[in-house]
file my_file_34.cif (mmCIF, C-alpha atoms)
data_model
#
loop_
_atom_site.label_atom_id
_atom_site.label_comp_id
_atom_site.auth_asym_id
_atom_site.auth_seq_id
_atom_site.Cartn_x
_atom_site.Cartn_y
_atom_site.Cartn_z
CA MET A 1 5.05 17.72 6.59
CA VAL A 2 4.16 15.03 9.14
CA SER A 3 4.64 11.52 7.74
CA LEU A 4 1.61 9.24 7.51
CA SER A 5 3.69 6.71 9.47
CA SER A 6 4.15 9.14 12.35
CA PRO A 7 2.61 8.73 15.82
CA THR A 8 0.55 11.86 15.11
CA TRP A 9 -1.28 10.18 12.25
CA ARG A 10 -1.67 6.99 14.27
CA VAL A 11 -3.43 9.00 16.97
CA ILE A 12 -5.67 10.72 14.41
CA GLU A 13 -6.58 7.38 12.84
CA SER A 14 -7.30 5.91 16.27
CA PHE A 15 -9.65 8.80 17.04
CA TYR A 16 -11.70 8.29 13.86
CA GLU A 17 -11.45 4.52 14.32
CA SER A 18 -13.57 4.93 17.44
CA PHE A 19 -16.46 6.04 15.19
CA ALA A 20 -16.04 3.24 12.60
CA PRO A 21 -18.74 0.54 12.53
CA ASN A 22 -16.26 -2.39 12.42
CA PRO A 23 -18.65 -5.07 11.10
CA PRO A 24 -17.61 -8.72 11.36
CA PRO A 25 -15.36 -10.02 8.58
CA ARG A 26 -17.05 -11.48 5.54
CA ILE A 27 -16.62 -15.19 4.87
CA ARG A 28 -16.42 -16.41 1.29
CA ASP A 29 -18.76 -19.17 0.18
CA PRO A 30 -16.48 -21.84 -1.38
CA ALA A 31 -19.09 -22.21 -4.15
CA ARG A 32 -18.53 -18.54 -5.09
CA PRO A 33 -14.78 -18.05 -5.61
CA MET A 34 -13.16 -14.90 -6.91
CA GLN A 35 -13.39 -15.23 -10.69
CA VAL A 36 -12.34 -11.93 -12.30
CA ILE A 37 -9.81 -9.30 -11.19
CA CYS A 38 -9.78 -6.08 -13.23
CA VAL A 39 -6.50 -4.35 -12.46
CA GLY A 40 -6.65 -1.28 -14.72
CA LEU A 41 -5.89 2.11 -13.21
CA PRO A 42 -8.65 4.59 -12.28
CA ARG A 43 -10.34 6.39 -15.20
CA SER A 44 -9.87 3.28 -17.38
CA GLY A 45 -13.51 2.31 -17.72
CA THR A 46 -13.65 0.72 -14.29
CA GLU A 47 -17.33 1.48 -13.63
CA SER A 48 -18.38 0.59 -17.17
CA LEU A 49 -16.57 -2.70 -16.69
CA GLN A 50 -18.32 -3.26 -13.37
CA LYS A 51 -21.71 -2.81 -15.05
CA ALA A 52 -20.65 -5.10 -17.90
CA LEU A 53 -19.56 -7.86 -15.52
CA LEU A 54 -22.82 -7.58 -13.58
CA THR A 55 -24.69 -7.94 -16.87
CA LEU A 56 -22.67 -11.09 -17.60
CA GLY A 57 -23.70 -12.58 -14.27
CA TYR A 58 -20.71 -11.75 -12.06
CA ASP A 59 -22.78 -10.71 -9.08
CA TYR A 60 -21.38 -9.12 -7.09
CA THR A 61 -18.65 -7.08 -8.83
CA TYR A 62 -16.91 -4.85 -6.28
CA HIS A 63 -15.87 -1.31 -7.29
CA GLY A 64 -14.00 1.53 -5.60
CA TRP A 65 -17.31 3.31 -5.03
CA ASP A 66 -18.36 0.33 -2.89
CA MET A 67 -15.32 0.86 -0.71
CA LEU A 68 -16.70 4.32 0.11
CA ASN A 69 -20.44 3.72 0.13
CA GLU A 70 -21.22 0.21 1.37
CA SER A 71 -23.05 0.08 4.68
CA PRO A 72 -21.63 -0.67 7.13
CA HIS A 73 -18.37 0.54 5.63
CA ARG A 74 -15.01 -1.19 6.01
CA MET A 75 -12.78 1.72 5.01
CA ASN A 76 -10.67 1.55 8.17
CA ALA A 77 -9.96 -2.12 7.43
CA TRP A 78 -8.88 -1.19 3.88
CA VAL A 79 -6.56 1.43 5.38
CA ALA A 80 -5.07 -1.26 7.63
CA LEU A 81 -4.37 -3.43 4.56
CA ALA A 82 -2.86 -0.47 2.73
CA ARG A 83 -0.59 0.23 5.67
CA ARG A 84 0.64 -3.37 5.53
CA LYS A 85 1.51 -2.96 1.85
CA PHE A 86 2.77 0.59 1.58
CA PHE A 87 3.94 1.60 5.06
CA ALA A 88 5.20 -1.50 6.89
CA PRO A 89 8.99 -1.62 7.49
CA THR A 90 8.97 -5.09 5.92
CA ALA A 91 6.30 -6.27 3.52
CA GLU A 92 3.65 -8.49 5.07
CA PRO A 93 1.91 -11.00 2.78
CA ILE A 94 -1.74 -10.22 2.14
CA THR A 95 -3.71 -13.40 1.63
CA SER A 96 -7.08 -14.41 0.22
CA THR A 97 -8.36 -14.60 3.80
CA ASP A 98 -7.46 -10.93 4.28
CA PHE A 99 -9.21 -9.92 1.06
CA ASP A 100 -12.22 -12.17 1.63
CA ALA A 101 -12.86 -10.47 4.97
CA LEU A 102 -13.58 -7.31 2.96
CA LEU A 103 -14.99 -8.56 -0.35
CA GLY A 104 -15.87 -12.18 0.26
CA HIS A 105 -19.33 -11.51 -1.17
CA ALA A 106 -17.86 -10.52 -4.55
CA VAL A 107 -16.88 -12.79 -7.44
CA ALA A 108 -15.24 -9.96 -9.40
CA VAL A 109 -13.44 -6.76 -8.48
CA THR A 110 -12.44 -3.60 -10.32
CA ASP A 111 -11.03 -0.13 -9.59
CA ALA A 112 -9.26 0.85 -6.35
CA ALA A 113 -9.12 -2.47 -4.51
CA ALA A 114 -7.87 -4.31 -7.60
CA ASN A 115 -5.41 -1.80 -9.02
CA CYS A 116 -3.83 -0.78 -5.71
CA PHE A 117 -3.48 -4.40 -4.56
CA ALA A 118 -3.00 -5.92 -8.01
CA ALA A 119 0.04 -8.10 -7.30
CA GLU A 120 -1.39 -9.30 -4.00
CA MET A 121 -4.79 -10.19 -5.47
CA ILE A 122 -3.25 -11.98 -8.44
CA ALA A 123 -1.25 -14.12 -6.00
CA ALA A 124 -4.15 -14.58 -3.57
CA TYR A 125 -6.59 -15.79 -6.25
CA PRO A 126 -4.48 -17.88 -8.67
CA ASP A 127 -7.53 -19.29 -10.48
CA ALA A 128 -9.13 -15.92 -11.21
CA LYS A 129 -8.94 -14.42 -14.68
CA VAL A 130 -7.24 -11.04 -14.91
CA ILE A 131 -8.33 -8.11 -17.07
CA LEU A 132 -5.93 -5.25 -17.69
CA ASN A 133 -8.43 -2.56 -18.63
CA MET A 134 -7.00 0.51 -20.35
CA ARG A 135 -7.80 3.41 -22.64
CA ARG A 136 -6.09 3.52 -26.02
CA ASP A 137 -5.19 7.20 -25.70
CA LEU A 138 -2.70 7.54 -22.84
CA ASP A 139 -2.80 11.34 -23.00
CA ALA A 140 -6.60 11.35 -22.72
CA TRP A 141 -6.39 8.98 -19.75
CA HIS A 142 -3.83 11.23 -18.05
CA SER A 143 -5.99 14.31 -18.62
CA SER A 144 -9.01 12.48 -17.22
CA VAL A 145 -7.21 11.60 -13.99
CA LEU A 146 -6.08 15.21 -13.60
CA SER A 147 -9.48 16.76 -14.32
CA ASN A 148 -11.47 14.32 -12.19
CA ILE A 149 -9.59 12.60 -9.37
CA VAL A 150 -6.97 15.31 -8.85
CA ALA A 151 -9.67 17.99 -9.04
CA VAL A 152 -11.44 16.41 -6.05
CA ASN A 153 -8.15 16.23 -4.18
CA GLU A 154 -7.62 19.97 -4.69
CA ASP A 155 -11.07 21.00 -3.41
CA TRP A 156 -10.11 22.54 -0.07
CA PHE A 157 -13.72 22.83 1.13
CA LYS A 158 -14.31 19.08 0.73
CA TRP A 159 -11.05 18.48 2.59
CA LEU A 160 -12.20 20.80 5.39
CA LEU A 161 -15.62 19.16 5.69
CA CYS A 162 -14.03 15.73 6.02
CA TRP A 163 -12.65 16.56 9.44
CA PHE A 164 -16.17 17.06 10.83
CA ASN A 165 -17.77 13.73 9.89
CA ALA A 166 -16.13 10.37 10.59
CA ASP A 167 -17.47 8.55 7.52
CA LEU A 168 -16.45 11.45 5.31
CA TRP A 169 -13.03 11.48 6.94
CA TRP A 170 -12.49 7.79 6.09
CA GLN A 171 -13.64 8.40 2.51
CA TRP A 172 -11.04 11.10 2.07
CA HIS A 173 -8.36 9.19 3.99
CA ILE A 174 -8.57 5.90 2.10
CA HIS A 175 -8.61 7.34 -1.43
CA GLN A 176 -7.16 10.84 -1.31
CA ARG A 177 -4.52 10.36 1.37
CA ILE A 178 -3.59 6.65 1.25
CA LEU A 179 -4.35 4.65 -1.91
CA TRP A 180 -4.11 7.14 -4.78
CA PRO A 181 -0.96 8.89 -3.47
CA ALA A 182 0.72 5.50 -2.99
CA LEU A 183 -0.37 4.26 -6.42
CA PHE A 184 0.86 7.39 -8.21
CA ARG A 185 4.06 7.75 -6.13
CA CYS A 186 3.19 11.19 -4.86
CA THR A 187 6.05 13.13 -3.33
CA ASP A 188 3.53 14.79 -1.01
CA TYR A 189 0.56 12.72 0.22
CA ARG A 190 -1.46 15.94 0.48
CA SER A 191 -1.16 16.55 -3.26
CA LEU A 192 -2.19 13.99 -5.86
CA ARG A 193 -0.91 16.35 -8.51
CA SER A 194 2.63 15.83 -7.16
CA GLY A 195 2.44 12.26 -8.44
CA VAL A 196 -0.11 12.20 -11.24
CA GLU A 197 1.24 15.14 -13.22
CA PRO A 198 4.92 14.13 -13.46
CA PHE A 199 4.67 10.35 -13.00
CA GLY A 200 1.16 9.34 -14.11
CA LYS A 201 2.05 8.05 -17.57
CA THR A 202 5.13 6.24 -16.26
CA VAL A 203 3.06 4.63 -13.50
CA HIS A 204 0.56 3.50 -16.14
CA GLU A 205 3.26 1.92 -18.30
CA GLN A 206 5.06 0.26 -15.40
CA HIS A 207 1.81 -1.00 -13.89
CA SER A 208 0.87 -2.62 -17.21
CA ALA A 209 4.34 -4.17 -17.52
CA THR A 210 4.08 -5.60 -13.99
CA ILE A 211 0.72 -7.21 -14.75
CA ARG A 212 2.07 -8.79 -17.95
CA ARG A 213 4.99 -10.18 -15.98
CA LEU A 214 2.85 -11.59 -13.16
CA VAL A 215 -0.01 -13.14 -15.14
CA PRO A 216 0.30 -16.06 -17.58
CA GLN A 217 -0.88 -15.11 -21.06
CA GLU A 218 -3.79 -17.56 -21.04
CA ARG A 219 -5.13 -15.99 -17.85
CA LEU A 220 -4.80 -12.36 -18.98
CA LEU A 221 -6.90 -10.13 -21.21
CA GLU A 222 -5.57 -6.73 -22.23
CA TRP A 223 -8.79 -4.89 -22.91
CA HIS A 224 -9.56 -1.33 -23.97
CA ILE A 225 -12.84 0.34 -23.12
CA GLU A 226 -13.31 0.95 -26.85
CA ASP A 227 -13.27 -2.85 -27.47
CA GLY A 228 -16.74 -3.34 -26.00
CA TRP A 229 -18.33 -6.76 -25.55
CA GLY A 230 -16.51 -8.90 -28.11
CA PRO A 231 -13.05 -9.60 -26.62
CA LEU A 232 -14.44 -9.48 -23.08
CA CYS A 233 -17.09 -12.13 -23.70
CA GLU A 234 -14.70 -14.33 -25.64
CA PHE A 235 -12.19 -14.24 -22.79
CA LEU A 236 -14.83 -14.97 -20.15
CA GLU A 237 -16.60 -17.54 -22.35
CA LYS A 238 -19.91 -15.71 -22.18
CA GLU A 239 -22.56 -14.96 -24.79
CA VAL A 240 -22.47 -11.41 -26.12
CA PRO A 241 -25.46 -9.49 -24.68
CA VAL A 242 -27.90 -7.86 -27.07
CA THR A 243 -27.74 -4.63 -25.04
CA PRO A 244 -25.14 -1.95 -25.85
CA PHE A 245 -21.96 -1.98 -23.82
CA PRO A 246 -22.50 0.18 -20.70
CA ARG A 247 -20.91 3.60 -20.56
CA ALA A 248 -20.51 5.15 -17.13
CA ASN A 249 -18.53 7.65 -15.12
CA ASP A 250 -17.56 10.19 -17.78
CA LYS A 251 -16.51 13.59 -16.44
CA GLY A 252 -20.05 14.83 -15.91
CA ALA A 253 -21.17 11.58 -14.31
CA PHE A 254 -18.09 11.44 -12.09
CA THR A 255 -18.63 14.97 -10.80
CA LYS A 256 -22.32 14.29 -10.17
CA ARG A 257 -21.49 11.06 -8.34
CA VAL A 258 -19.00 12.82 -6.07
CA GLU A 259 -21.50 15.58 -5.28
CA THR A 260 -24.32 13.10 -4.65
CA ASP A 261 -22.17 10.99 -2.36
CA LEU A 262 -21.08 14.10 -0.49
CA GLU A 263 -24.55 15.59 -0.08
CA ALA A 264 -25.86 13.78 3.00
CA LEU A 265 -22.55 13.41 4.81
CA GLY A 266 -21.55 16.91 3.77
CA ARG A 267 -24.63 18.43 5.39
CA SER A 268 -23.84 16.60 8.62
CA ALA A 269 -20.21 17.68 8.45
CA PHE A 270 -21.16 21.30 7.78
CA MET A 271 -23.50 21.36 10.78
CA ASN A 272 -20.79 19.83 12.97
CA MET A 273 -18.34 22.44 11.70
CA ILE A 274 -20.75 25.26 12.58
CA LEU A 275 -21.36 23.79 16.05
CA ALA A 276 -17.62 23.43 16.62
CA PHE A 277 -17.06 27.03 15.55
CA LEU A 278 -19.84 28.26 17.85
CA GLY A 279 -18.45 26.20 20.71
CA VAL A 280 -14.92 27.55 20.28
CA THR A 281 -16.26 31.09 19.89
CA THR A 282 -18.35 30.75 23.06
CA VAL A 283 -15.44 29.43 25.11
CA PHE A 284 -13.08 32.09 23.76
CA GLY A 285 -15.65 34.81 24.40
CA SER A 286 -16.22 33.57 27.96
CA LEU A 287 -12.50 33.63 28.67
CA LEU A 288 -12.21 37.18 27.34
CA PHE A 289 -15.21 38.30 29.40
CA THR A 290 -13.86 36.62 32.55
CA ASN A 291 -10.49 38.32 32.20
CA TRP A 292 -11.87 41.73 31.16
#

call {"tool": "encode", "arguments": {"input": "my_file_34.cif", "output": "structure tokens"}}
result
Amino acid sequence: MVSLSSPTWRVIESFYESFAPNPPPRIRDPARPMQVICVGLPRSGTESLQKALLTLGYDYTYHGWDMLNESPHRMNAWVALARRKFFAPTAEPITSTDFDALLGHAVAVTDAAANCFAAEMIAAYPDAKVILNMRRDLDAWHSSVLSNIVAVNEDWFKWLLCWFNADLWWQWHIHQRILWPALFRCTDYRSLRSGVEPFGKTVHEQHSATIRRLVPQERLLEWHIEDGWGPLCEFLEKEVPVTPFPRANDKGAFTKRVETDLEALGRSAFMNMILAFLGVTTVFGSLLFTNW
């Protein structure tokens, strides 16, 4: 297995980097500081919490889906940050300036950016409140990660398509090859199961313990998706909305979201794959004919 730190992977990243849009860095408005960091692991009500925070006026609340779907995307820049944290020989500090360049428009953040860079964000935004979002049933959470996130990782056809569209490649690379394997301590970056199945519950417990150690009690809310509006609004000093607490991203919704996000890019990737196959077949056929 070739290491993600190897020159081979650097060359591959550089190739796909040439297709990345590379928009200018965002600049945070001092009047709109980062206010809420939700550091719970994936499949812990992260999208429901995003919708709840938007309802409470935290606009914009950045989610892991935004990392994949915003236009123009900044996925290659997120990979660069992840390399500084997880792959650098010596740890490089990641500052609020680094984060603001990617999510300076957001006043709250949840899911991948927050849980994978939890310690760095907590240090970078010392005035922000921190929510440790969890599910009460650890076994149910573990099963959800396996049946949703790991299931995507084990779909070989999606993996194959990703090589034939640059945006799709970055989507796979940032989540399935970089962030989730690092978060779950995978022994093989190609297999999320190698980390989630044996270590998932331990990662959950140690992640929670780290957050409790890093965040002063008055700045931290330990919140379960089943708690709904009450504790959340009390912690954030907001009125409880009259609308029901949002529910999003259950197994059916997650699968539909993945398929919807894949549809347009997947069609492009499939056409590119067919063209590449035809091109290789034509060249190979010509060589055979020439040497007949």

call {"tool": "resolve_selection", "arguments": {"input": "my_file_34.cif", "expression": "the PyMOL selection byres ((chain A and resi 46) around 12)", "output": "MDAnalysis selection string"}}
result
chainID A and resid 37:45 47:53 61:65 108:115 131:135 223:225 246:250 254

call {"tool": "resolve_selection", "arguments": {"input": "my_file_34.cif", "expression": "the PyMOL selection byres ((chain A and resi 125) around 9)", "output": "list in words"}}
result
Pro33, Met34, Gln35, Ile37, Thr95, Ser96, Glu120, Met121, Ile122, Ala123, Ala124, Pro126, Asp127, Ala128 and Lys129 of chain A

call {"tool": "residues_around", "arguments": {"input": "my_file_34.cif", "residues": "Lys158 of chain A", "least_positions_apart": "5", "cutoff": "9 Å", "atoms": "all atoms listed in the file", "output": "PDB file with C-alpha atoms, in the coordinates of the input"}}
result
ATOM      1  CA  VAL A 152     -11.440  16.410  -6.050  1.00  0.00           C
ATOM      2  CA  ASN A 153      -8.150  16.230  -4.180  1.00  0.00           C
ATOM      3  CA  TRP A 172     -11.040  11.100   2.070  1.00  0.00           C
ATOM      4  CA  LEU A 262     -21.080  14.100  -0.490  1.00  0.00           C
ATOM      5  CA  GLY A 266     -21.550  16.910   3.770  1.00  0.00           C
TER       6      GLY A 266
END

call {"tool": "closest_atom_pairs", "arguments": {"input": "my_file_34.cif", "of": "segment 140-243 of chain A", "to": "segment 8-16 of chain A", "cutoff": "9 Å", "atoms": "all atoms listed in the file", "output": "CSV"}}
result
residue,atom,partner,partner_atom,distance
A:Ala166,CA,A:Tyr16,CA,5.9
A:Asp167,CA,A:Tyr16,CA,8.6
A:Trp169,CA,A:Tyr16,CA,7.7
A:Trp170,CA,A:Tyr16,CA,7.8

call {"tool": "closest_residue", "arguments": {"input": "my_file_34.cif", "among": "A:Glu197, A:Glu239, A:Glu263, A:Glu92", "to": "Asp139 of chain A", "atoms": "all atoms listed in the file"}}
result
A:Glu197

call {"tool": "atom_distance", "arguments": {"input": "my_file_34.cif", "atom1": "atom CA of Gln206 of chain A", "atom2": "atom CA of Trp141 of chain A"}}
result
15.0 Å

call {"tool": "atom_distance", "arguments": {"input": "my_file_34.cif", "atom1": "atom CA of Phe157 of chain A", "atom2": "atom CA of Arg193 of chain A"}}
result
17.3 Å

call {"tool": "atom_distance", "arguments": {"input": "my_file_34.cif", "atom1": "atom CA of Glu154 of chain A", "atom2": "atom CA of Ile178 of chain A"}}
result
15.1 Å

call {"tool": "closest_residue", "arguments": {"input": "my_file_34.cif", "among": "A:Arg257, A:Gln217, A:Val242, A:His142", "to": "Thr202 of chain A", "atoms": "all atoms listed in the file"}}
result
A:His142

call {"tool": "residues_around", "arguments": {"input": "my_file_34.cif", "residues": "Trp180 of chain A", "least_positions_apart": "2", "cutoff": "10 Å", "atoms": "all atoms listed in the file", "output": "list in words"}}
result
Leu41, Pro42, Ala112, Asn115, Cys116, Ile149, Val150, Asn153, His173, Ile174, His175, Gln176, Arg177, Ile178, Ala182, Leu183, Phe184, Arg185, Cys186, Tyr189, Ser191, Leu192, Gly195 and Val196 of chain A

call {"tool": "resolve_selection", "arguments": {"input": "my_file_34.cif", "expression": "the PyMOL selection byres ((chain A and resi 26-30) around 7)", "output": "list of chain:residue names"}}
result
A:Pro24, A:Pro25, A:Ala31, A:Arg32, A:Pro33, A:Asp100, A:Ala101, A:Leu102, A:Leu103, A:Gly104, A:His105

call {"tool": "closest_residue", "arguments": {"input": "my_file_34.cif", "among": "A:Ala82, A:Leu220, A:Ser5, A:Tyr60", "to": "Phe235 of chain A", "atoms": "only C-alpha atoms"}}
result
A:Leu220

call {"tool": "closest_residue", "arguments": {"input": "my_file_34.cif", "among": "A:Leu138, A:Ala88, A:Ile211, A:Val107", "to": "Leu4 of chain A", "atoms": "all atoms listed in the file"}}
result
A:Ala88

call {"tool": "closest_residue", "arguments": {"input": "my_file_34.cif", "among": "A:Phe117, A:Tyr58, A:Phe19, A:Phe86", "to": "His73 of chain A", "atoms": "all atoms listed in the file"}}
result
A:Phe19

call {"tool": "closest_residue", "arguments": {"input": "my_file_34.cif", "among": "A:Leu56, A:Ser18, A:Thr210, A:Met67", "to": "Leu179 of chain A", "atoms": "all atoms listed in the file"}}
result
A:Met67
